[in-house]
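Have a look at my_file04.tsv below; it lists TSV, C-alpha atoms.
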```tsv
chain	number	residue	atom	x	y	z
T	596	MET	CA	21.96	-19.68	-47.63
T	597	LYS	CA	19.74	-21.73	-45.43
T	598	LYS	CA	22.50	-22.07	-42.90
T	599	LYS	CA	23.14	-18.32	-42.87
T	600	TYR	CA	19.45	-17.65	-42.57
T	601	HIS	CA	19.24	-20.09	-39.69
T	602	HIS	CA	21.98	-18.25	-37.81
T	603	ARG	CA	20.37	-14.88	-38.50
T	604	ARG	CA	17.04	-16.15	-37.31
T	605	THR	CA	18.60	-17.67	-34.22
T	606	GLY	CA	20.30	-14.33	-33.41
T	607	ARG	CA	17.01	-12.53	-33.74
T	608	GLY	CA	15.44	-15.19	-31.55
T	609	TRP	CA	17.97	-14.51	-28.81
T	610	GLN	CA	17.39	-10.79	-29.11
T	611	LEU	CA	13.66	-11.35	-28.78
T	612	ALA	CA	14.18	-13.65	-25.80
T	613	LEU	CA	16.43	-11.10	-24.14
T	614	SER	CA	13.90	-8.36	-24.78
T	615	ILE	CA	11.11	-10.45	-23.29
T	616	SER	CA	13.31	-11.31	-20.31
T	617	SER	CA	14.10	-7.64	-19.80
T	618	VAL	CA	10.42	-6.78	-19.87
T	619	PHE	CA	9.61	-9.48	-17.29
T	620	PHE	CA	12.57	-8.32	-15.18
T	621	MET	CA	11.32	-4.73	-15.21
T	622	ILE	CA	7.79	-5.91	-14.41
T	623	ALA	CA	9.17	-7.93	-11.49
T	624	ILE	CA	11.04	-4.89	-10.19
T	625	GLY	CA	7.94	-2.75	-10.58
T	626	LEU	CA	5.77	-5.25	-8.71
T	627	THR	CA	8.38	-5.47	-5.96
T	628	LEU	CA	8.44	-1.70	-5.55
T	629	ILE	CA	4.64	-1.59	-5.49
T	630	PHE	CA	3.90	-4.47	-3.14
T	631	ALA	CA	7.07	-5.11	-1.11
T	632	PRO	CA	6.83	-2.06	1.20
T	633	GLU	CA	3.28	-2.92	2.25
T	634	THR	CA	4.17	-6.60	2.65
T	635	ILE	CA	7.20	-5.75	4.77
T	636	GLU	CA	5.25	-3.46	7.05
T	637	LYS	CA	2.35	-5.88	7.43
T	638	GLY	CA	4.84	-8.46	8.66
T	639	THR	CA	6.58	-5.97	10.94
T	640	ASN	CA	4.06	-3.62	12.57
T	641	GLN	CA	1.35	-5.89	13.91
T	642	VAL	CA	-1.54	-5.77	16.34
T	643	ILE	CA	-2.14	-9.00	18.23
T	644	PRO	CA	-5.58	-10.23	17.09
T	645	HIS	CA	-8.28	-9.57	19.66
T	646	SER	CA	-11.99	-9.01	20.02
T	647	PRO	CA	-13.09	-5.36	20.31
T	648	TYR	CA	-12.17	-4.03	23.73
T	649	PRO	CA	-15.22	-3.22	25.86
T	650	ILE	CA	-15.11	0.40	27.07
T	651	SER	CA	-17.44	1.50	29.85
T	652	PRO	CA	-19.53	4.66	29.31
T	653	GLU	CA	-17.63	6.26	32.21
T	654	ALA	CA	-14.26	5.54	30.60
T	655	SER	CA	-15.42	6.65	27.16
T	656	GLU	CA	-16.70	9.95	28.54
T	657	LEU	CA	-13.49	10.61	30.48
T	658	HIS	CA	-11.25	9.62	27.57
T	659	GLN	CA	-12.89	12.15	25.27
T	660	LYS	CA	-12.11	14.89	27.80
T	661	LEU	CA	-8.43	13.98	28.11
T	662	ILE	CA	-5.38	15.55	26.51
T	663	VAL	CA	-3.92	12.32	25.10
T	664	ALA	CA	-0.24	12.33	24.15
T	665	ASP	CA	2.21	9.70	22.91
T	666	LEU	CA	5.97	10.25	23.00
T	667	HIS	CA	7.01	7.81	20.27
T	668	THR	CA	5.86	6.41	16.94
T	669	ASP	CA	8.03	5.51	13.92
T	670	SER	CA	5.27	5.97	11.32
T	671	LEU	CA	7.35	8.17	8.99
T	672	LEU	CA	9.72	5.27	8.28
T	673	TRP	CA	7.12	3.60	6.10
T	674	ASN	CA	5.59	4.47	2.73
T	675	ARG	CA	2.03	4.06	4.02
T	676	ASP	CA	-0.13	7.15	3.49
T	677	ILE	CA	-0.99	8.13	7.06
T	678	THR	CA	-3.62	10.63	5.93
T	679	LYS	CA	-5.84	7.58	5.25
T	680	ARG	CA	-7.02	4.86	7.59
T	681	ALA	CA	-5.19	1.58	7.01
T	682	ASN	CA	-5.95	-1.95	8.16
T	683	TYR	CA	-2.33	-2.51	9.15
T	684	GLY	CA	0.31	-0.61	11.09
T	685	HIS	CA	-0.58	1.35	14.21
T	686	VAL	CA	-0.87	5.08	13.52
T	687	ASP	CA	-2.56	7.27	10.91
T	688	LEU	CA	-4.54	10.51	11.11
T	689	PRO	CA	-7.98	8.86	11.18
T	690	ARG	CA	-6.90	6.54	13.99
T	691	LEU	CA	-5.32	9.43	15.90
T	692	ARG	CA	-8.74	11.12	15.80
T	693	GLU	CA	-10.46	7.94	16.95
T	694	GLY	CA	-8.02	7.66	19.85
T	695	ASN	CA	-8.49	11.35	20.73
T	696	VAL	CA	-4.73	11.94	20.45
T	697	ALA	CA	-3.89	15.61	20.89
T	698	ILE	CA	-0.08	15.31	20.80
T	699	GLN	CA	1.86	12.73	18.79
T	700	THR	CA	5.64	12.56	18.65
T	701	PHE	CA	6.84	11.33	15.26
T	702	ALA	CA	10.24	9.76	15.83
T	703	VAL	CA	12.63	9.31	12.91
T	704	PRO	CA	15.04	6.35	12.87
T	705	THR	CA	17.83	6.51	10.29
T	706	LYS	CA	19.87	3.36	10.93
T	707	SER	CA	18.98	-0.04	12.35
T	708	PRO	CA	21.47	-2.93	12.43
T	709	ARG	CA	20.31	-6.15	10.84
T	710	GLY	CA	19.91	-8.82	13.48
T	711	GLN	CA	18.98	-6.06	15.91
T	712	ASN	CA	18.61	-7.23	19.50
T	713	ASN	CA	18.37	-5.71	22.96
T	714	SER	CA	21.72	-7.02	24.21
T	715	ARG	CA	24.55	-6.25	21.81
T	716	ASN	CA	24.79	-4.69	18.35
T	717	ASP	CA	27.92	-3.72	16.45
T	718	SER	CA	27.85	-0.22	15.00
T	719	ASP	CA	29.42	-1.61	11.80
T	720	ALA	CA	26.66	-4.19	11.26
T	721	ALA	CA	24.78	-4.05	7.96
T	722	ASP	CA	21.99	-1.49	8.08
T	723	GLY	CA	18.40	-2.52	7.44
T	724	ILE	CA	17.07	0.97	6.73
T	725	THR	CA	19.37	1.38	3.72
T	726	LEU	CA	17.62	-1.51	1.96
T	727	LEU	CA	14.21	-0.25	3.08
T	728	ALA	CA	14.97	3.21	1.67
T	729	MET	CA	15.84	1.65	-1.70
T	730	ILE	CA	12.79	-0.63	-1.79
T	731	GLN	CA	10.53	2.30	-0.90
T	732	VAL	CA	12.17	4.42	-3.62
T	733	TRP	CA	13.36	7.16	-1.31
T	734	PRO	CA	15.54	9.80	-3.03
T	735	PRO	CA	19.02	8.43	-3.85
T	736	ALA	CA	20.59	11.01	-1.53
T	737	THR	CA	19.06	9.09	1.40
T	738	TRP	CA	20.68	5.80	0.44
T	739	ASN	CA	24.09	6.79	1.76
T	740	SER	CA	23.35	9.67	4.14
T	741	LEU	CA	21.69	9.34	7.54
T	742	TYR	CA	21.29	13.10	7.70
T	743	GLU	CA	19.41	13.11	4.38
T	744	ARG	CA	17.16	10.35	5.70
T	745	ALA	CA	16.27	12.56	8.66
T	746	LEU	CA	15.52	15.51	6.39
T	747	TYR	CA	13.46	13.35	4.03
T	748	GLN	CA	11.26	11.91	6.79
T	749	ALA	CA	10.72	15.40	8.20
T	750	GLU	CA	9.68	16.58	4.74
T	751	LYS	CA	7.13	13.76	4.61
T	752	LEU	CA	5.50	15.13	7.75
T	753	HIS	CA	5.56	18.67	6.35
T	754	GLU	CA	3.75	17.42	3.23
T	755	ILE	CA	1.14	15.70	5.39
T	756	GLU	CA	0.64	18.95	7.28
T	757	GLN	CA	0.20	20.82	3.98
T	758	ASP	CA	-2.28	18.26	2.66
T	759	SER	CA	-4.26	17.93	5.91
T	760	PRO	CA	-3.83	21.19	7.86
T	761	ASP	CA	-7.07	20.71	9.77
T	762	GLU	CA	-5.82	17.35	11.05
T	763	LEU	CA	-2.13	17.90	11.75
T	764	LYS	CA	0.06	20.81	12.82
T	765	ILE	CA	3.81	20.40	13.36
T	766	ILE	CA	4.68	22.11	16.63
T	767	ARG	CA	7.99	23.94	16.80
T	768	SER	CA	7.19	26.19	19.77
T	769	GLN	CA	5.03	26.68	22.82
T	770	ALA	CA	2.86	29.05	20.78
T	771	ASP	CA	2.22	26.34	18.17
T	772	LEU	CA	1.09	23.86	20.81
T	773	GLU	CA	-1.08	26.44	22.55
T	774	ALA	CA	-2.81	27.14	19.21
T	775	VAL	CA	-3.61	23.45	18.68
T	776	LEU	CA	-4.90	23.02	22.23
T	777	LYS	CA	-7.07	26.13	21.93
T	778	ALA	CA	-8.51	24.89	18.63
T	779	ARG	CA	-9.30	21.50	20.19
T	780	GLN	CA	-11.20	23.24	22.99
T	781	GLN	CA	-13.35	24.78	20.26
T	782	GLY	CA	-14.11	21.42	18.64
T	783	SER	CA	-11.10	20.83	16.38
T	784	GLN	CA	-9.65	17.33	16.12
T	785	GLN	CA	-6.26	18.57	14.96
T	786	THR	CA	-3.25	16.67	16.31
T	787	ALA	CA	-0.03	18.41	17.31
T	788	GLY	CA	2.91	16.61	15.70
T	789	LEU	CA	6.35	16.79	17.33
T	790	LEU	CA	9.36	15.80	15.21
T	791	ALA	CA	11.99	13.75	17.05
T	792	LEU	CA	15.23	12.15	15.87
T	793	GLU	CA	15.93	8.61	17.04
T	794	GLY	CA	19.70	8.53	17.31
T	795	ALA	CA	22.11	11.46	16.88
T	796	HIS	CA	24.35	9.42	14.55
T	797	ALA	CA	22.20	11.13	11.90
T	798	ILE	CA	24.06	14.41	12.43
T	799	GLU	CA	27.04	12.60	10.85
T	800	GLY	CA	29.58	14.13	13.20
T	801	SER	CA	28.64	17.74	12.43
T	802	LEU	CA	27.21	20.08	15.04
T	803	ASP	CA	26.08	22.32	12.20
T	804	ASN	CA	23.71	19.55	11.17
T	805	LEU	CA	21.89	20.02	14.47
T	806	GLU	CA	20.98	23.49	13.25
T	807	GLY	CA	19.82	21.98	9.96
T	808	LEU	CA	17.57	19.55	11.82
T	809	HIS	CA	16.24	22.36	14.00
T	810	HIS	CA	15.40	24.33	10.85
T	811	ALA	CA	13.62	21.24	9.49
T	812	GLY	CA	11.36	21.23	12.54
T	813	TYR	CA	13.06	18.77	14.89
T	814	ARG	CA	12.58	19.63	18.55
T	815	MET	CA	13.59	16.38	20.26
T	816	ILE	CA	16.85	14.47	19.74
T	817	GLY	CA	17.53	10.94	20.95
T	818	LEU	CA	21.24	10.48	21.54
T	819	HIS	CA	21.30	6.80	20.61
T	820	HIS	CA	19.47	3.92	19.01
T	821	PHE	CA	20.58	0.27	18.98
T	822	PHE	CA	24.34	0.79	18.58
T	823	ASP	CA	27.20	2.96	19.83
T	824	ASN	CA	27.85	6.19	17.95
T	825	ARG	CA	30.22	9.15	18.10
T	826	LEU	CA	28.38	10.61	21.08
T	827	GLY	CA	28.98	7.57	23.29
T	828	GLY	CA	27.60	4.18	24.22
T	829	SER	CA	24.21	2.70	23.47
T	830	LEU	CA	22.36	0.53	25.98
T	831	HIS	CA	22.44	-2.15	23.27
T	832	GLY	CA	25.92	-1.46	21.90
T	833	VAL	CA	29.34	-2.90	22.56
T	834	SER	CA	31.24	-0.36	24.66
T	835	GLY	CA	28.81	0.77	27.38
T	836	SER	CA	30.86	3.97	27.32
T	837	ARG	CA	30.08	7.42	28.68
T	838	LEU	CA	29.61	10.57	26.62
T	839	SER	CA	32.51	11.36	24.34
T	840	LEU	CA	33.89	14.88	24.02
T	841	PHE	CA	31.79	15.21	20.86
T	842	GLY	CA	28.78	13.92	22.81
T	843	ARG	CA	29.26	16.66	25.39
T	844	GLN	CA	29.54	19.27	22.67
T	845	ALA	CA	26.38	17.93	21.00
T	846	LEU	CA	24.49	17.99	24.31
T	847	SER	CA	25.49	21.62	24.84
T	848	LYS	CA	24.41	22.52	21.30
T	849	MET	CA	21.04	20.81	21.67
T	850	GLU	CA	20.33	22.71	24.85
T	851	ALA	CA	21.39	25.99	23.24
T	852	LEU	CA	18.82	25.30	20.50
T	853	ASN	CA	16.14	24.42	23.10
T	854	MET	CA	15.97	20.89	21.72
T	855	ILE	CA	14.66	18.28	24.14
T	856	VAL	CA	17.18	15.51	24.86
T	857	ASP	CA	15.85	11.94	24.74
T	858	LEU	CA	17.86	9.23	26.55
T	859	ALA	CA	15.92	6.21	25.28
T	860	HIS	CA	18.47	3.58	24.15
T	861	SER	CA	21.43	5.38	25.77
T	862	SER	CA	23.80	3.39	28.00
T	863	GLU	CA	23.46	3.74	31.75
T	864	SER	CA	26.82	5.54	31.76
T	865	VAL	CA	25.53	8.09	29.27
T	866	VAL	CA	22.28	8.58	31.20
T	867	ASP	CA	24.22	9.09	34.41
T	868	GLU	CA	26.54	11.65	32.82
T	869	VAL	CA	23.80	13.56	31.00
T	870	LEU	CA	21.85	13.88	34.25
T	871	LYS	CA	24.94	15.46	35.80
T	872	LEU	CA	25.68	17.80	32.89
T	873	ALA	CA	22.29	18.78	31.47
T	874	LYS	CA	20.87	22.17	32.38
T	875	ARG	CA	17.35	21.21	31.29
T	876	PRO	CA	15.13	18.21	32.11
T	877	VAL	CA	15.36	15.23	29.75
T	878	VAL	CA	12.99	12.50	28.61
T	879	ILE	CA	13.16	8.78	28.08
T	880	SER	CA	10.58	8.61	25.34
T	881	HIS	CA	9.87	4.86	25.24
T	882	THR	CA	11.05	2.32	27.75
T	883	GLY	CA	10.13	-0.36	30.23
T	884	ILE	CA	11.00	-0.33	33.91
T	885	LEU	CA	13.72	-2.75	35.01
T	886	GLY	CA	11.91	-3.50	38.27
T	887	THR	CA	8.96	-4.98	36.35
T	888	CYS	CA	10.81	-6.29	33.28
T	889	ASP	CA	14.35	-7.61	33.81
T	890	SER	CA	15.56	-6.97	30.27
T	891	PRO	CA	18.71	-5.43	28.75
T	892	ARG	CA	16.25	-3.09	27.03
T	893	ASN	CA	15.68	-1.20	30.30
T	894	ILE	CA	17.80	0.96	32.59
T	895	SER	CA	17.76	0.76	36.37
T	896	ASP	CA	14.95	2.00	38.59
T	897	ASP	CA	17.45	4.35	40.25
T	898	LEU	CA	18.18	6.13	36.95
T	899	ILE	CA	14.45	6.35	36.20
T	900	ARG	CA	14.00	8.06	39.58
T	901	ARG	CA	16.84	10.46	38.87
T	902	VAL	CA	15.32	11.47	35.52
T	903	ALA	CA	12.11	12.29	37.38
T	904	GLU	CA	13.92	14.15	40.16
T	905	LYS	CA	15.47	16.40	37.49
T	906	GLY	CA	11.99	17.25	36.20
T	907	GLY	CA	12.05	14.77	33.31
T	908	LEU	CA	9.50	12.47	31.67
T	909	ILE	CA	9.49	8.70	31.25
T	910	GLY	CA	7.37	7.28	28.43
T	911	VAL	CA	6.19	3.70	29.03
T	912	GLY	CA	6.33	1.56	25.89
T	913	PHE	CA	3.82	-1.01	24.71
T	914	ARG	CA	6.22	-3.63	23.31
T	915	ASP	CA	8.77	-6.14	24.63
T	916	ALA	CA	10.38	-3.51	26.90
T	917	ILE	CA	7.56	-4.18	29.37
T	918	CYS	CA	7.77	-8.01	29.02
T	919	ASP	CA	3.97	-8.37	29.23
T	920	THR	CA	2.61	-6.56	26.16
T	921	SER	CA	-1.05	-7.09	27.01
T	922	VAL	CA	-3.21	-4.09	27.90
T	923	GLU	CA	-3.05	-5.22	31.52
T	924	GLY	CA	0.74	-5.42	31.26
T	925	ILE	CA	0.90	-1.83	30.01
T	926	VAL	CA	-1.34	-0.56	32.82
T	927	ASN	CA	0.56	-2.54	35.47
T	928	THR	CA	3.81	-0.96	34.23
T	929	LEU	CA	2.23	2.49	34.40
T	930	ARG	CA	1.19	1.77	38.01
T	931	TYR	CA	4.72	0.68	38.95
T	932	ALA	CA	6.24	3.68	37.18
T	933	ILE	CA	3.95	6.15	38.99
T	934	ASP	CA	4.78	4.58	42.33
T	935	LEU	CA	8.50	4.67	41.48
T	936	ALA	CA	8.91	8.13	39.95
T	937	GLY	CA	5.74	10.05	40.76
T	938	GLU	CA	2.54	10.82	38.85
T	939	ASP	CA	4.00	14.03	37.36
T	940	HIS	CA	6.72	12.22	35.40
T	941	ILE	CA	5.08	9.27	33.63
T	942	ALA	CA	3.68	9.30	30.09
T	943	LEU	CA	2.82	7.03	27.17
T	944	GLY	CA	5.65	6.08	24.81
T	945	SER	CA	3.97	3.46	22.67
T	946	ASP	CA	6.73	2.69	20.14
T	947	PHE	CA	3.97	2.22	17.57
T	948	ASP	CA	5.07	1.43	14.00
T	949	GLY	CA	8.58	0.69	15.25
T	950	GLY	CA	8.77	-2.87	13.99
T	951	THR	CA	6.53	-3.80	16.90
T	952	ARG	CA	3.82	-6.34	17.73
T	953	VAL	CA	1.45	-4.76	20.23
T	954	SER	CA	-1.97	-5.32	21.77
T	955	LEU	CA	-3.67	-2.19	20.42
T	956	ASP	CA	-3.29	0.57	17.87
T	957	THR	CA	-3.68	4.28	18.50
T	958	SER	CA	-7.44	4.20	17.85
T	959	GLU	CA	-7.88	1.92	20.87
T	960	LEU	CA	-6.13	4.00	23.55
T	961	ALA	CA	-9.39	4.39	25.48
T	962	VAL	CA	-8.92	0.81	26.70
T	963	LEU	CA	-6.04	2.09	28.86
T	964	THR	CA	-8.32	4.71	30.40
T	965	ASP	CA	-10.95	2.03	31.02
T	966	LEU	CA	-8.55	-0.39	32.69
T	967	MET	CA	-6.91	2.31	34.81
T	968	ILE	CA	-10.35	3.25	36.16
T	969	ARG	CA	-11.07	-0.40	36.95
T	970	LYS	CA	-7.70	-0.79	38.67
T	971	GLY	CA	-8.30	2.18	40.95
T	972	PHE	CA	-6.12	4.88	39.39
T	973	THR	CA	-7.29	8.35	40.44
T	974	GLU	CA	-8.67	10.62	37.74
T	975	THR	CA	-5.72	12.94	38.31
T	976	GLU	CA	-3.27	10.09	37.68
T	977	ILE	CA	-5.11	9.10	34.52
T	978	ARG	CA	-5.20	12.66	33.17
T	979	LYS	CA	-1.50	13.19	33.83
T	980	VAL	CA	-0.24	9.87	32.46
T	981	MET	CA	-2.46	9.93	29.38
T	982	GLY	CA	-1.15	13.31	28.28
T	983	GLU	CA	-1.21	16.22	30.69
T	984	ASN	CA	2.38	15.57	31.76
T	985	VAL	CA	3.56	15.75	28.14
T	986	GLN	CA	1.49	18.88	27.53
T	987	LYS	CA	2.97	20.61	30.59
T	988	PHE	CA	6.52	19.55	29.71
T	989	LEU	CA	6.33	20.81	26.13
T	990	LEU	CA	4.68	24.08	27.13
T	991	LYS	CA	7.63	24.67	29.42
T	992	HIS	CA	10.58	23.39	27.39
T	993	LEU	CA	9.79	24.05	23.71
T	994	PRO	CA	11.03	27.39	22.35
T	995	LYS	CA	8.51	30.09	23.22
T	996	ALA	CA	7.85	31.07	19.61
T	997	THR	CA	8.75	29.82	16.15
T	998	THR	CA	11.61	31.81	14.62
```

Output the file's structure as C-alpha cells, nothing else.
Amino acid sequence: MKKKYHHRRTGRGWQLALSISSVFFMIAIGLTLIFAPETIEKGTNQVIPHSPYPISPEASELHQKLIVADLHTDSLLWNRDITKRANYGHVDLPRLREGNVAIQTFAVPTKSPRGQNNSRNDSDAADGITLLAMIQVWPPATWNSLYERALYQAEKLHEIEQDSPDELKIIRSQADLEAVLKARQQGSQQTAGLLALEGAHAIEGSLDNLEGLHHAGYRMIGLHHFFDNRLGGSLHGVSGSRLSLFGRQALSKMEALNMIVDLAHSSESVVDEVLKLAKRPVVISHTGILGTCDSPRNISDDLIRRVAEKGGLIGVGFRDAICDTSVEGIVNTLRYAIDLAGEDHIALGSDFDGGTRVSLDTSELAVLTDLMIRKGFTETEIRKVMGENVQKFLLKHLPKATT
C-alpha cells in the first residue's frame, strides 16, 4: 500500500509541477507580449542623445508660421499609442503639435527581410514583420497576408482619427486637405494624415486590391521596398529589373485611381521607365542624393533631376541615406538638393519610426528652420522645403473630393 501510495503521490506531484510550469510559461508569454514591443522599438527607433537645440527667436517665429510637412514616417508599424507623448520613437500627436506639423504622411510597410541592407536582399528572405505582427498581437489574418497588414495599419489610423478628431484628419482628397489648412488658419492644431503604402507587394498580385486600399484611405503607393516584387526590381534587390507587365498594369491602375506613385526604393531601371510611362508627376518620398552620399541606398542625380522636371517631389531623409545624419548633414543635403533639382521640388522625408537612429524627433523640426536661416537659405526656400511644396503637390494631385 505504501508503494502504491508513493506512486500516486508522485503522479500528483508531476501534475502539480506541470501545472506550475504551465502557469509560469503563460506568465512568461504574457510578459513578453506586454514588454517586448516597447523594448524592440526602444532599441530600433532612436534619437541620438543631444542637448536641447537652441532656436533663435527669429527662427521660432518663422517656424510657427510655416506649413510643415513630412513625406514619410512608419509610426503605424508599432504598438505605441501615438495619441500620447512618448519618451521613445519619433512621432506622436503631441510631438506633431510641438513641431507644428500640418501634413504627415503615414507610410505602411508590410514586409521587411531579416538582415535587411541597402545593397542586396532576396525576396524570399525570412520576413521580420511577420514576427513583429505576432509579438504585437495583431489579428491572425495579418500573420500570413501582406494585404491584411496594410488594411490593419490603415484601420489603426482611422481609430486614432476617431479618438482624436481635433488632432488628426485623414486626407483622401483636396477638399479634406483644404479643410485642415483652413482650420489651422483659425487656430486649430489638427494634422492632416496621408496614408501611404510602402511597397506594392502588399496588393498580393491583385489589381482589385488597389481598389481595396483606395477604399481604406490610401492615396500614395510605393512600388517597392527592400526587395524585388512582382512589379519589378528594387534598388536593394537582386535583379535590378525594369517594370514587369504586371507593374505597368499596376501603374496604370494607380493613376486611374488618382493615387500618387512613390519611387523610393525602386531600381534605377524602374524609375527610368516610370518617368517615361507615367501621366502624372511622381514622388520619391524619402531618399538621399547620390552626389552627396555615395550609397546603394540612393539613385543618381540625373534621375533626381528628371523626377523634378516631370513636376515631382523629392523627400530628403534624415537617416543613413544622407551619410551624415546630423542636423547640419540634413540641411546640407537640402541645400544640394535645391541646387540640383530646384526649390519647387524638394521636401522633408524624415523616415521617422522606420527602424532609424536620427538626430531629432518631429517635435524638434524647428532646428532645421533655424539652421537654414543661419546658412543663408531664403525665406521662400525655407517655406517651400519645409512644407509648401508638399501642400501644393497634394492640392493638385489628390482626388478633388472624397467619394

- Pull the neighbourhood of (19.8, 11.9, 19.1) for me: all residues within 9 Å in file coordinates, counting all atoms listed in the file, as a count of residues only. 18

Given 8 Å of margin on each side, can you work out the centre and size in Å (one decimal) of an axis-aligned box holding every listed atom of range 872-888 of chain T, as lines of an AutoDock Vina configuration file?
```
center_x = 17.3
center_y = 7.9
center_z = 31.8
size_x = 32.7
size_y = 44.5
size_z = 29.0
```

- Message: Set the distance at 12 Å and use only C-alpha atoms: which residues neighbour Glu653 in chain T once local chain neighbours fewer than 4 positions away are removed? I'd like the list as number ranges by chain.
- Response: T: 649, 657-660, 961-962, 964-969, 974

Create the file for the chosen residues now, containing C-alpha atoms and written as a PDB file, keeping the file's coordinate frame.
```pdb
ATOM      1  CA  PRO T 649     -15.220  -3.220  25.860  1.00  0.00           C
ATOM      2  CA  LEU T 657     -13.490  10.610  30.480  1.00  0.00           C
ATOM      3  CA  HIS T 658     -11.250   9.620  27.570  1.00  0.00           C
ATOM      4  CA  GLN T 659     -12.890  12.150  25.270  1.00  0.00           C
ATOM      5  CA  LYS T 660     -12.110  14.890  27.800  1.00  0.00           C
ATOM      6  CA  ALA T 961      -9.390   4.390  25.480  1.00  0.00           C
ATOM      7  CA  VAL T 962      -8.920   0.810  26.700  1.00  0.00           C
ATOM      8  CA  THR T 964      -8.320   4.710  30.400  1.00  0.00           C
ATOM      9  CA  ASP T 965     -10.950   2.030  31.020  1.00  0.00           C
ATOM     10  CA  LEU T 966      -8.550  -0.390  32.690  1.00  0.00           C
ATOM     11  CA  MET T 967      -6.910   2.310  34.810  1.00  0.00           C
ATOM     12  CA  ILE T 968     -10.350   3.250  36.160  1.00  0.00           C
ATOM     13  CA  ARG T 969     -11.070  -0.400  36.950  1.00  0.00           C
ATOM     14  CA  GLU T 974      -8.670  10.620  37.740  1.00  0.00           C
TER      15      GLU T 974
END
```

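Using all atoms listed in the file, the smallest distance between any of T:Asp669, T:Asp939, T:Asp761, T:Asp717 and Asn640 in chain T comes from T:Asp669.
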
Would you list the contacts of Ala845 in chain T as an mmCIF file with C-alpha atoms, in the coordinates of the input, taking every protein, DNA or RNA residue within 9 Å and counting only C-alpha atoms, but skipping same-chain residues closer than 3 positions in sequence?
```cif
data_model
loop_
_atom_site.group_PDB
_atom_site.id
_atom_site.type_symbol
_atom_site.label_atom_id
_atom_site.label_comp_id
_atom_site.auth_asym_id
_atom_site.auth_seq_id
_atom_site.Cartn_x
_atom_site.Cartn_y
_atom_site.Cartn_z
ATOM 1 C CA ALA T 795 22.110 11.460 16.880
ATOM 2 C CA SER T 801 28.640 17.740 12.430
ATOM 3 C CA LEU T 802 27.210 20.080 15.040
ATOM 4 C CA LEU T 805 21.890 20.020 14.470
ATOM 5 C CA LEU T 826 28.380 10.610 21.080
ATOM 6 C CA LEU T 840 33.890 14.880 24.020
ATOM 7 C CA PHE T 841 31.790 15.210 20.860
ATOM 8 C CA GLY T 842 28.780 13.920 22.810
ATOM 9 C CA LYS T 848 24.410 22.520 21.300
ATOM 10 C CA MET T 849 21.040 20.810 21.670
ATOM 11 C CA GLU T 850 20.330 22.710 24.850
#
```

Within 8 Å of (7.8, 12.9, 13.8) (file coordinates; all atoms listed in the file), which protein or nucleic acid residues are there? I'd like them as a CSV table (one decimal) with C-alpha atoms, in the coordinates of the input.
```csv
chain,number,residue,atom,x,y,z
T,668,THR,CA,5.9,6.4,16.9
T,669,ASP,CA,8.0,5.5,13.9
T,670,SER,CA,5.3,6.0,11.3
T,671,LEU,CA,7.4,8.2,9.0
T,699,GLN,CA,1.9,12.7,18.8
T,700,THR,CA,5.6,12.6,18.6
T,701,PHE,CA,6.8,11.3,15.3
T,702,ALA,CA,10.2,9.8,15.8
T,703,VAL,CA,12.6,9.3,12.9
T,748,GLN,CA,11.3,11.9,6.8
T,749,ALA,CA,10.7,15.4,8.2
T,752,LEU,CA,5.5,15.1,7.8
T,788,GLY,CA,2.9,16.6,15.7
T,789,LEU,CA,6.4,16.8,17.3
T,790,LEU,CA,9.4,15.8,15.2
T,791,ALA,CA,12.0,13.8,17.0
T,792,LEU,CA,15.2,12.2,15.9
T,813,TYR,CA,13.1,18.8,14.9
```

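Here CA of Ala851 in chain T stands at a distance of 25.8 Å from CA of Lys706 in chain T.
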
Could you add N, CA, C and O atoms to range 725-732 of chain T and give me the result as an mmCIF file, in the frame of the given file?
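Heads up, here's the output in rebuild-v4.cif:
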```
data_model
loop_
_atom_site.group_PDB
_atom_site.id
_atom_site.type_symbol
_atom_site.label_atom_id
_atom_site.label_comp_id
_atom_site.auth_asym_id
_atom_site.auth_seq_id
_atom_site.Cartn_x
_atom_site.Cartn_y
_atom_site.Cartn_z
ATOM 1 N N THR T 725 18.852 1.100 5.066
ATOM 2 C CA THR T 725 19.370 1.380 3.720
ATOM 3 C C THR T 725 18.568 0.610 2.675
ATOM 4 O O THR T 725 18.107 1.175 1.670
ATOM 5 N N LEU T 726 18.383 -0.689 2.904
ATOM 6 C CA LEU T 726 17.620 -1.510 1.960
ATOM 7 C C LEU T 726 16.168 -1.055 1.902
ATOM 8 O O LEU T 726 15.568 -0.979 0.824
ATOM 9 N N LEU T 727 15.596 -0.714 3.057
ATOM 10 C CA LEU T 727 14.210 -0.250 3.080
ATOM 11 C C LEU T 727 14.051 1.041 2.292
ATOM 12 O O LEU T 727 13.068 1.219 1.563
ATOM 13 N N ALA T 728 15.024 1.943 2.420
ATOM 14 C CA ALA T 728 14.970 3.210 1.670
ATOM 15 C C ALA T 728 14.976 2.936 0.171
ATOM 16 O O ALA T 728 14.269 3.597 -0.601
ATOM 17 N N MET T 729 15.781 1.979 -0.269
ATOM 18 C CA MET T 729 15.840 1.650 -1.700
ATOM 19 C C MET T 729 14.545 1.010 -2.173
ATOM 20 O O MET T 729 13.987 1.391 -3.212
ATOM 21 N N ILE T 730 14.029 0.060 -1.408
ATOM 22 C CA ILE T 730 12.790 -0.630 -1.790
ATOM 23 C C ILE T 730 11.629 0.355 -1.854
ATOM 24 O O ILE T 730 10.751 0.253 -2.722
ATOM 25 N N GLN T 731 11.624 1.330 -0.943
ATOM 26 C CA GLN T 731 10.530 2.300 -0.900
ATOM 27 C C GLN T 731 10.759 3.485 -1.835
ATOM 28 O O GLN T 731 9.967 4.426 -1.850
ATOM 29 N N VAL T 732 11.840 3.416 -2.614
ATOM 30 C CA VAL T 732 12.170 4.420 -3.620
ATOM 31 C C VAL T 732 12.303 5.812 -2.987
ATOM 32 O O VAL T 732 11.772 6.795 -3.492
#
```
